[in-house]
>>> print(open('structure_29.cif').read())   # mmCIF, C-alpha atoms; chains and numbers go by the auth columns
data_target
#
loop_
_atom_site.group_PDB
_atom_site.id
_atom_site.type_symbol
_atom_site.label_atom_id
_atom_site.label_comp_id
_atom_site.label_asym_id
_atom_site.label_seq_id
_atom_site.Cartn_x
_atom_site.Cartn_y
_atom_site.Cartn_z
_atom_site.B_iso_or_equiv
_atom_site.auth_seq_id
_atom_site.auth_asym_id
ATOM 1 C CA MET A 1 20.662 38.376 -48.903 0.00 9 A
ATOM 2 C CA VAL A 2 19.961 38.643 -45.164 0.00 10 A
ATOM 3 C CA SER A 3 17.347 41.384 -45.665 0.00 11 A
ATOM 4 C CA LYS A 4 15.423 39.165 -48.142 0.00 12 A
ATOM 5 C CA LYS A 5 15.336 36.332 -45.591 0.00 13 A
ATOM 6 C CA ILE A 6 14.045 38.713 -42.904 0.00 14 A
ATOM 7 C CA LEU A 7 11.381 39.923 -45.318 0.00 15 A
ATOM 8 C CA VAL A 8 10.248 36.385 -46.135 0.00 16 A
ATOM 9 C CA VAL A 9 10.429 34.984 -42.581 0.00 17 A
ATOM 10 C CA PHE A 10 9.073 37.883 -40.516 0.00 18 A
ATOM 11 C CA VAL A 11 7.311 40.495 -42.608 0.00 19 A
ATOM 12 C CA MET A 12 5.523 38.303 -45.155 0.00 20 A
ATOM 13 C CA PRO A 13 3.557 36.248 -42.551 0.00 21 A
ATOM 14 C CA VAL A 14 2.375 39.457 -40.889 0.00 22 A
ATOM 15 C CA ILE A 15 1.161 40.877 -44.174 0.00 23 A
ATOM 16 C CA LEU A 16 -0.575 37.616 -45.119 0.00 24 A
ATOM 17 C CA SER A 17 -2.213 37.399 -41.684 0.00 25 A
ATOM 18 C CA LEU A 18 -3.575 40.926 -41.994 0.00 26 A
ATOM 19 C CA ILE A 19 -4.966 40.190 -45.455 0.00 27 A
ATOM 20 C CA PHE A 20 -6.555 36.917 -44.337 0.00 28 A
ATOM 21 C CA GLY A 21 -7.973 38.503 -41.152 0.00 29 A
ATOM 22 C CA SER A 22 -9.432 41.398 -43.131 0.00 30 A
ATOM 23 C CA ALA A 23 -11.100 38.979 -45.540 0.00 31 A
ATOM 24 C CA VAL A 24 -12.634 36.973 -42.699 0.00 32 A
ATOM 25 C CA LEU A 25 -13.826 40.109 -40.905 0.00 33 A
ATOM 26 C CA ALA A 26 -15.336 41.483 -44.114 0.00 34 A
ATOM 27 C CA GLU A 27 -17.222 38.205 -44.595 0.00 35 A
ATOM 28 C CA VAL A 28 -18.549 38.309 -41.016 0.00 36 A
ATOM 29 C CA LEU A 29 -19.650 41.925 -41.360 0.00 37 A
ATOM 30 C CA GLN A 30 -21.666 41.020 -44.456 0.00 38 A
ATOM 31 C CA LYS A 31 -24.029 39.073 -42.184 0.00 39 A
ATOM 32 C CA PRO A 32 -25.325 41.564 -39.593 0.00 40 A
ATOM 33 C CA ASP A 33 -27.583 39.039 -37.851 0.00 41 A
ATOM 34 C CA ARG A 34 -24.716 36.631 -37.197 0.00 42 A
ATOM 35 C CA GLU A 35 -23.917 35.917 -33.565 0.00 43 A
ATOM 36 C CA LEU A 36 -20.340 35.518 -32.401 0.00 44 A
ATOM 37 C CA ASN A 37 -20.427 33.148 -29.466 0.00 45 A
ATOM 38 C CA LEU A 38 -16.760 32.752 -28.696 0.00 46 A
ATOM 39 C CA TRP A 39 -17.089 31.339 -25.172 0.00 47 A
ATOM 40 C CA PRO A 40 -20.596 30.599 -23.988 0.00 48 A
ATOM 41 C CA MET A 41 -20.917 31.501 -20.316 0.00 49 A
ATOM 42 C CA THR A 42 -24.470 30.300 -19.798 0.00 50 A
ATOM 43 C CA PHE A 43 -25.563 26.780 -19.189 0.00 51 A
ATOM 44 C CA THR A 44 -28.597 24.962 -20.402 0.00 52 A
ATOM 45 C CA THR A 45 -31.180 25.135 -17.691 0.00 53 A
ATOM 46 C CA GLY A 46 -32.988 22.058 -16.532 0.00 54 A
ATOM 47 C CA SER A 47 -36.676 22.106 -15.860 0.00 55 A
ATOM 48 C CA SER A 48 -37.962 25.227 -14.115 0.00 56 A
ATOM 49 C CA ASN A 49 -40.056 23.272 -11.632 0.00 57 A
ATOM 50 C CA PRO A 50 -38.903 24.524 -8.210 0.00 58 A
ATOM 51 C CA ALA A 51 -39.868 21.213 -6.577 0.00 59 A
ATOM 52 C CA GLU A 52 -36.968 19.463 -8.346 0.00 60 A
ATOM 53 C CA ILE A 53 -34.319 20.992 -6.090 0.00 61 A
ATOM 54 C CA LYS A 54 -35.046 21.800 -2.484 0.00 62 A
ATOM 55 C CA ILE A 55 -33.059 23.296 0.396 0.00 63 A
ATOM 56 C CA ILE A 56 -33.610 21.267 3.557 0.00 64 A
ATOM 57 C CA GLY A 57 -32.905 22.633 7.033 0.00 65 A
ATOM 58 C CA LEU A 58 -32.869 26.360 6.253 0.00 66 A
ATOM 59 C CA SER A 59 -34.396 28.426 9.069 0.00 67 A
ATOM 60 C CA SER A 60 -35.681 31.936 8.645 0.00 68 A
ATOM 61 C CA GLN A 61 -33.529 33.291 11.511 0.00 69 A
ATOM 62 C CA TYR A 62 -30.133 32.469 13.012 0.00 70 A
ATOM 63 C CA SER A 63 -28.060 33.975 15.781 0.00 71 A
ATOM 64 C CA THR A 64 -24.503 35.157 15.125 0.00 72 A
ATOM 65 C CA SER A 65 -23.114 32.074 16.878 0.00 73 A
ATOM 66 C CA GLU A 66 -25.441 29.514 15.290 0.00 74 A
ATOM 67 C CA PRO A 67 -24.205 27.639 12.190 0.00 75 A
ATOM 68 C CA ILE A 68 -26.227 27.630 8.987 0.00 76 A
ATOM 69 C CA GLU A 69 -26.472 23.925 8.189 0.00 77 A
ATOM 70 C CA ILE A 70 -28.372 22.773 5.133 0.00 78 A
ATOM 71 C CA THR A 71 -28.741 19.785 2.874 0.00 79 A
ATOM 72 C CA VAL A 72 -30.178 19.570 -0.627 0.00 80 A
ATOM 73 C CA ARG A 73 -32.590 17.118 -2.211 0.00 81 A
ATOM 74 C CA ILE A 74 -32.920 16.794 -5.994 0.00 82 A
ATOM 75 C CA ASN A 75 -35.875 15.006 -7.587 0.00 83 A
ATOM 76 C CA ASP A 76 -34.772 15.182 -11.225 0.00 84 A
ATOM 77 C CA SER A 77 -33.339 12.066 -12.883 0.00 85 A
ATOM 78 C CA SER A 78 -31.128 14.116 -15.222 0.00 86 A
ATOM 79 C CA PHE A 79 -29.199 15.338 -12.160 0.00 87 A
ATOM 80 C CA ASP A 80 -28.058 12.011 -10.725 0.00 88 A
ATOM 81 C CA CYS A 81 -24.402 13.073 -10.822 0.00 89 A
ATOM 82 C CA GLY A 82 -22.713 16.467 -10.863 0.00 90 A
ATOM 83 C CA ASP A 83 -21.209 19.327 -8.884 0.00 91 A
ATOM 84 C CA LEU A 84 -23.102 21.061 -6.076 0.00 92 A
ATOM 85 C CA TYR A 85 -22.398 24.700 -5.204 0.00 93 A
ATOM 86 C CA VAL A 86 -23.801 26.515 -2.165 0.00 94 A
ATOM 87 C CA THR A 87 -23.274 30.289 -2.017 0.00 95 A
ATOM 88 C CA ILE A 88 -24.371 32.823 0.597 0.00 96 A
ATOM 89 C CA HIS A 89 -24.790 36.434 -0.581 0.00 97 A
ATOM 90 C CA THR A 90 -25.598 39.692 1.151 0.00 98 A
ATOM 91 C CA GLN A 91 -28.585 41.706 -0.060 0.00 99 A
ATOM 92 C CA THR A 92 -26.150 43.671 -2.265 0.00 100 A
ATOM 93 C CA ASN A 93 -24.974 40.387 -3.909 0.00 101 A
ATOM 94 C CA ASP A 94 -21.572 40.353 -2.211 0.00 102 A
ATOM 95 C CA VAL A 95 -20.469 36.748 -1.715 0.00 103 A
ATOM 96 C CA ILE A 96 -19.972 35.902 1.947 0.00 104 A
ATOM 97 C CA THR A 97 -19.065 32.226 1.588 0.00 105 A
ATOM 98 C CA GLN A 98 -19.259 29.438 -0.944 0.00 106 A
ATOM 99 C CA GLY A 99 -18.995 25.682 -0.727 0.00 107 A
ATOM 100 C CA GLY A 100 -18.322 23.355 -3.645 0.00 108 A
ATOM 101 C CA PHE A 101 -19.033 19.640 -3.490 0.00 109 A
ATOM 102 C CA PHE A 102 -17.744 17.896 -6.590 0.00 110 A
ATOM 103 C CA GLU A 103 -18.809 14.623 -8.240 0.00 111 A
ATOM 104 C CA GLN A 104 -21.928 14.162 -6.161 0.00 112 A
ATOM 105 C CA CYS A 105 -23.305 10.912 -7.626 0.00 113 A
ATOM 106 C CA PHE A 106 -26.465 9.789 -5.886 0.00 114 A
ATOM 107 C CA GLY A 107 -28.613 7.985 -8.472 0.00 115 A
ATOM 108 C CA SER A 108 -32.335 7.860 -7.999 0.00 116 A
ATOM 109 C CA GLY A 109 -32.279 6.921 -4.316 0.00 117 A
ATOM 110 C CA GLY A 110 -33.415 10.372 -3.191 0.00 118 A
ATOM 111 C CA LYS A 111 -30.370 10.967 -1.000 0.00 119 A
ATOM 112 C CA THR A 112 -29.637 14.349 0.451 0.00 120 A
ATOM 113 C CA LEU A 113 -26.584 16.248 -0.717 0.00 121 A
ATOM 114 C CA PRO A 114 -23.726 16.763 -0.082 0.00 122 A
ATOM 115 C CA ILE A 115 -22.980 13.063 0.204 0.00 123 A
ATOM 116 C CA GLU A 116 -20.814 12.136 3.218 0.00 124 A
ATOM 117 C CA ASP A 117 -20.192 15.840 3.873 0.00 125 A
ATOM 118 C CA THR A 118 -21.999 18.845 5.327 0.00 126 A
ATOM 119 C CA PHE A 119 -22.443 22.494 4.470 0.00 127 A
ATOM 120 C CA SER A 120 -22.124 24.404 7.729 0.00 128 A
ATOM 121 C CA ARG A 121 -21.118 28.050 8.052 0.00 129 A
ATOM 122 C CA ILE A 122 -21.322 30.611 10.845 0.00 130 A
ATOM 123 C CA ILE A 123 -22.084 34.185 9.831 0.00 131 A
ATOM 124 C CA ASP A 124 -21.172 36.587 12.620 0.00 132 A
ATOM 125 C CA THR A 125 -22.491 39.778 11.025 0.00 133 A
ATOM 126 C CA PRO A 126 -26.188 40.556 11.575 0.00 134 A
ATOM 127 C CA GLY A 127 -28.220 41.182 8.449 0.00 135 A
ATOM 128 C CA SER A 128 -30.352 39.642 5.739 0.00 136 A
ATOM 129 C CA TYR A 129 -28.759 37.020 3.494 0.00 137 A
ATOM 130 C CA LYS A 130 -29.618 34.959 0.428 0.00 138 A
ATOM 131 C CA ILE A 131 -28.468 31.363 -0.030 0.00 139 A
ATOM 132 C CA VAL A 132 -28.232 29.957 -3.561 0.00 140 A
ATOM 133 C CA VAL A 133 -27.934 26.230 -4.205 0.00 141 A
ATOM 134 C CA GLU A 134 -26.913 25.134 -7.695 0.00 142 A
ATOM 135 C CA MET A 135 -26.369 21.699 -9.211 0.00 143 A
ATOM 136 C CA LEU A 136 -24.380 21.418 -12.427 0.00 144 A
ATOM 137 C CA SER A 137 -24.645 18.023 -14.120 0.00 145 A
ATOM 138 C CA LYS A 138 -21.950 16.373 -16.208 0.00 146 A
ATOM 139 C CA GLU A 139 -24.029 17.251 -19.291 0.00 147 A
ATOM 140 C CA LEU A 140 -23.746 20.930 -18.226 0.00 148 A
ATOM 141 C CA LEU A 141 -27.397 21.144 -17.224 0.00 149 A
ATOM 142 C CA ASN A 142 -27.984 23.628 -14.447 0.00 150 A
ATOM 143 C CA ILE A 143 -30.681 23.620 -11.780 0.00 151 A
ATOM 144 C CA SER A 144 -30.825 26.008 -8.854 0.00 152 A
ATOM 145 C CA THR A 145 -32.953 27.430 -6.091 0.00 153 A
ATOM 146 C CA SER A 146 -32.519 30.037 -3.402 0.00 154 A
ATOM 147 C CA GLY A 147 -33.787 31.073 -0.006 0.00 155 A
ATOM 148 C CA THR A 148 -33.378 33.988 2.374 0.00 156 A
ATOM 149 C CA PHE A 149 -32.628 34.177 6.078 0.00 157 A
ATOM 150 C CA ILE A 150 -31.784 36.732 8.745 0.00 158 A
ATOM 151 C CA VAL A 151 -28.834 36.697 11.163 0.00 159 A
ATOM 152 C CA GLN A 152 -29.482 38.571 14.417 0.00 160 A
#
>>> encode(input="structure_29.cif", output="structure tokens")
Amino acid sequence: MVSKKILVVFVMPVILSLIFGSAVLAEVLQKPDRELNLWPMTFTTGSSNPAEIKIIGLSSQYSTSEPIEITVRINDSSFDCGDLYVTIHTQTNDVITQGGFFEQCFGSGGKTLPIEDTFSRIIDTPGSYKIVVEMLSKELLNISTSGTFIVQ
């Protein structure tokens, strides 16, 4: 009696799951042009006009003791509220530092971002660097720009 209960409770669901999974996989394989997008990792990009997001205050050269201080201005009405990310990379795309400024709501007033905060970092290693500024709206629209600078 106990072995029949074990069969029904434990073994039968496994067998049924394998049969059902095989049927679903066979159906998917019948359509070779079907795309399986289980977790989309890309965002819808806003307009590609580079004038819509601008890095303000970025110099071409800094000393190792001078802070990199920038602000951002966005001229796109679809980005009136969202998260701002500022990332500094080496030329080999290693991340040196990143700043996240969440829920930056500025409306159409043309304010500079981050609001009531600053992005300021000191890089003490000489070299060439790339700064990437990205705004992600609440509608998951993404707009970004980048610039390069040298630390001596």
>>> atom_distance(input="structure_29.cif", atom1="CA of Thr120 (chain A)", atom2="CA of Gly155 (chain A)")
17.2 Å
>>> residues_around(input="structure_29.cif", residues="Phe157 (chain A)", least_positions_apart="3", cutoff="6 Å", atoms="all atoms listed in the file", output="list in words")
Ser68, Gln69, Ser136 and Tyr137 of chain A
>>> residues_around(input="structure_29.cif", residues="region 93-104 of chain A", least_positions_apart="6", cutoff="9 Å", atoms="all atoms listed in the file", output="compact mmCIF listing (two decimals) with C-alpha atoms, in the frame of the given file")
# COMPACT_ATOMS: atom_id res chain seq x y z
CA PHE A 110 -17.74 17.90 -6.59
CA PHE A 127 -22.44 22.49 4.47
CA ILE A 131 -22.08 34.18 9.83
CA GLY A 135 -28.22 41.18 8.45
CA SER A 136 -30.35 39.64 5.74
CA TYR A 137 -28.76 37.02 3.49
CA LYS A 138 -29.62 34.96 0.43
CA ILE A 139 -28.47 31.36 -0.03
CA VAL A 140 -28.23 29.96 -3.56
CA VAL A 141 -27.93 26.23 -4.20
CA GLU A 142 -26.91 25.13 -7.70
CA MET A 143 -26.37 21.70 -9.21
CA LEU A 144 -24.38 21.42 -12.43
>>> atom_distance(input="structure_29.cif", atom1="CA of Thr156 (chain A)", atom2="CA of Ser73 (chain A)")
17.9 Å
>>> closest_residue(input="structure_29.cif", among="A:Pro134, A:Pro122, A:Gly90, A:Gly108", to="Leu149 (chain A)", atoms="all atoms listed in the file")
A:Gly90
>>> resolve_selection(input="structure_29.cif", expression="the PyMOL selection byres ((chain A and resi 128) around 9)", output="list in words")
Pro75, Ile76, Glu77, Ile78, Thr126, Phe127, Arg129 and Ile130 of chain A
>>> decode(input="structure_29.cif", residues="region 12-46 of chain A", atoms="N, CA, C and O atoms", output="short mmCIF file (atom, residue, chain, number, x, y, z; two decimals), in the first residue's frame")
data_model
loop_
_atom_site.label_atom_id
_atom_site.label_comp_id
_atom_site.auth_asym_id
_atom_site.auth_seq_id
_atom_site.Cartn_x
_atom_site.Cartn_y
_atom_site.Cartn_z
N LYS A 12 2.45 2.08 -3.41
CA LYS A 12 1.53 2.67 -4.38
C LYS A 12 1.37 4.17 -4.12
O LYS A 12 1.27 4.96 -5.05
N LYS A 13 1.36 4.56 -2.83
CA LYS A 13 1.24 5.97 -2.50
C LYS A 13 2.49 6.73 -2.95
O LYS A 13 2.41 7.84 -3.46
N ILE A 14 3.67 6.12 -2.75
CA ILE A 14 4.92 6.75 -3.19
C ILE A 14 4.91 6.91 -4.70
O ILE A 14 5.29 7.95 -5.24
N LEU A 15 4.44 5.91 -5.40
CA LEU A 15 4.35 5.95 -6.85
C LEU A 15 3.44 7.09 -7.30
O LEU A 15 3.79 7.88 -8.17
N VAL A 16 2.30 7.23 -6.69
CA VAL A 16 1.33 8.25 -7.08
C VAL A 16 1.81 9.65 -6.68
O VAL A 16 1.69 10.61 -7.45
N VAL A 17 2.39 9.80 -5.50
CA VAL A 17 2.75 11.12 -4.99
C VAL A 17 4.07 11.64 -5.58
O VAL A 17 4.18 12.82 -5.89
N PHE A 18 5.06 10.77 -5.75
CA PHE A 18 6.37 11.24 -6.15
C PHE A 18 6.74 10.91 -7.60
O PHE A 18 7.25 11.76 -8.32
N VAL A 19 6.51 9.74 -8.03
CA VAL A 19 6.97 9.30 -9.34
C VAL A 19 6.03 9.78 -10.45
O VAL A 19 6.48 10.23 -11.51
N MET A 20 4.75 9.71 -10.25
CA MET A 20 3.79 10.08 -11.28
C MET A 20 3.92 11.55 -11.70
O MET A 20 3.91 11.83 -12.90
N PRO A 21 4.07 12.52 -10.78
CA PRO A 21 4.25 13.91 -11.22
C PRO A 21 5.52 14.12 -12.05
O PRO A 21 5.53 14.92 -12.98
N VAL A 22 6.59 13.39 -11.72
CA VAL A 22 7.81 13.51 -12.50
C VAL A 22 7.59 13.01 -13.92
O VAL A 22 7.99 13.65 -14.90
N ILE A 23 6.95 11.90 -14.04
CA ILE A 23 6.68 11.32 -15.37
C ILE A 23 5.77 12.25 -16.17
O ILE A 23 6.03 12.52 -17.35
N LEU A 24 4.73 12.78 -15.55
CA LEU A 24 3.82 13.69 -16.25
C LEU A 24 4.53 14.99 -16.64
O LEU A 24 4.28 15.52 -17.73
N SER A 25 5.41 15.47 -15.79
CA SER A 25 6.16 16.69 -16.12
C SER A 25 7.08 16.47 -17.31
O SER A 25 7.20 17.33 -18.19
N LEU A 26 7.74 15.33 -17.35
CA LEU A 26 8.61 15.03 -18.49
C LEU A 26 7.81 14.91 -19.78
O LEU A 26 8.24 15.41 -20.83
N ILE A 27 6.66 14.30 -19.72
CA ILE A 27 5.82 14.16 -20.92
C ILE A 27 5.33 15.54 -21.38
O ILE A 27 5.41 15.88 -22.56
N PHE A 28 4.84 16.34 -20.45
CA PHE A 28 4.35 17.67 -20.79
C PHE A 28 5.49 18.55 -21.33
O PHE A 28 5.34 19.25 -22.32
N GLY A 29 6.66 18.52 -20.68
CA GLY A 29 7.81 19.30 -21.13
C GLY A 29 8.28 18.89 -22.51
O GLY A 29 8.63 19.73 -23.34
N SER A 30 8.27 17.58 -22.78
CA SER A 30 8.66 17.09 -24.10
C SER A 30 7.68 17.57 -25.17
O SER A 30 8.08 17.94 -26.28
N ALA A 31 6.40 17.58 -24.85
CA ALA A 31 5.40 18.04 -25.81
C ALA A 31 5.57 19.53 -26.11
O ALA A 31 5.50 19.95 -27.27
N VAL A 32 5.83 20.31 -25.08
CA VAL A 32 6.03 21.75 -25.29
C VAL A 32 7.30 22.01 -26.10
O VAL A 32 7.31 22.81 -27.03
N LEU A 33 8.38 21.31 -25.78
CA LEU A 33 9.62 21.48 -26.50
C LEU A 33 9.48 21.05 -27.96
O LEU A 33 9.99 21.71 -28.86
N ALA A 34 8.77 19.96 -28.20
CA ALA A 34 8.54 19.51 -29.58
C ALA A 34 7.75 20.57 -30.36
O ALA A 34 8.04 20.82 -31.53
N GLU A 35 6.78 21.19 -29.73
CA GLU A 35 6.00 22.24 -30.38
C GLU A 35 6.88 23.45 -30.71
O GLU A 35 6.77 24.03 -31.78
N VAL A 36 7.75 23.83 -29.79
CA VAL A 36 8.64 24.97 -30.02
C VAL A 36 9.62 24.66 -31.15
O VAL A 36 9.89 25.51 -32.00
N LEU A 37 10.14 23.46 -31.18
CA LEU A 37 11.11 23.09 -32.21
C LEU A 37 10.48 22.98 -33.60
O LEU A 37 11.19 22.98 -34.60
N GLN A 38 9.18 22.91 -33.68
CA GLN A 38 8.50 22.87 -34.97
C GLN A 38 8.54 24.24 -35.65
O GLN A 38 8.31 24.34 -36.85
N LYS A 39 8.80 25.28 -34.89
CA LYS A 39 8.85 26.64 -35.42
C LYS A 39 10.28 27.16 -35.30
O LYS A 39 10.65 27.80 -34.32
N PRO A 40 11.13 26.94 -36.30
CA PRO A 40 12.53 27.30 -36.19
C PRO A 40 12.79 28.80 -36.14
O PRO A 40 13.83 29.23 -35.65
N ASP A 41 11.87 29.62 -36.62
CA ASP A 41 12.10 31.06 -36.60
C ASP A 41 11.57 31.71 -35.32
O ASP A 41 11.63 32.92 -35.17
N ARG A 42 11.10 30.91 -34.39
CA ARG A 42 10.57 31.45 -33.14
C ARG A 42 11.71 31.93 -32.26
O ARG A 42 12.76 31.31 -32.17
N GLU A 43 11.49 33.05 -31.58
CA GLU A 43 12.48 33.62 -30.70
C GLU A 43 12.07 33.40 -29.26
O GLU A 43 10.95 33.69 -28.88
N LEU A 44 12.96 32.87 -28.45
CA LEU A 44 12.69 32.71 -27.03
C LEU A 44 13.33 33.87 -26.30
O LEU A 44 14.54 33.95 -26.17
N ASN A 45 12.52 34.77 -25.83
CA ASN A 45 13.01 35.95 -25.13
C ASN A 45 12.58 35.83 -23.68
O ASN A 45 11.60 36.42 -23.25
N LEU A 46 13.34 35.05 -22.91
CA LEU A 46 12.94 34.76 -21.56
C LEU A 46 13.08 35.95 -20.63
O LEU A 46 12.26 36.19 -19.78
#
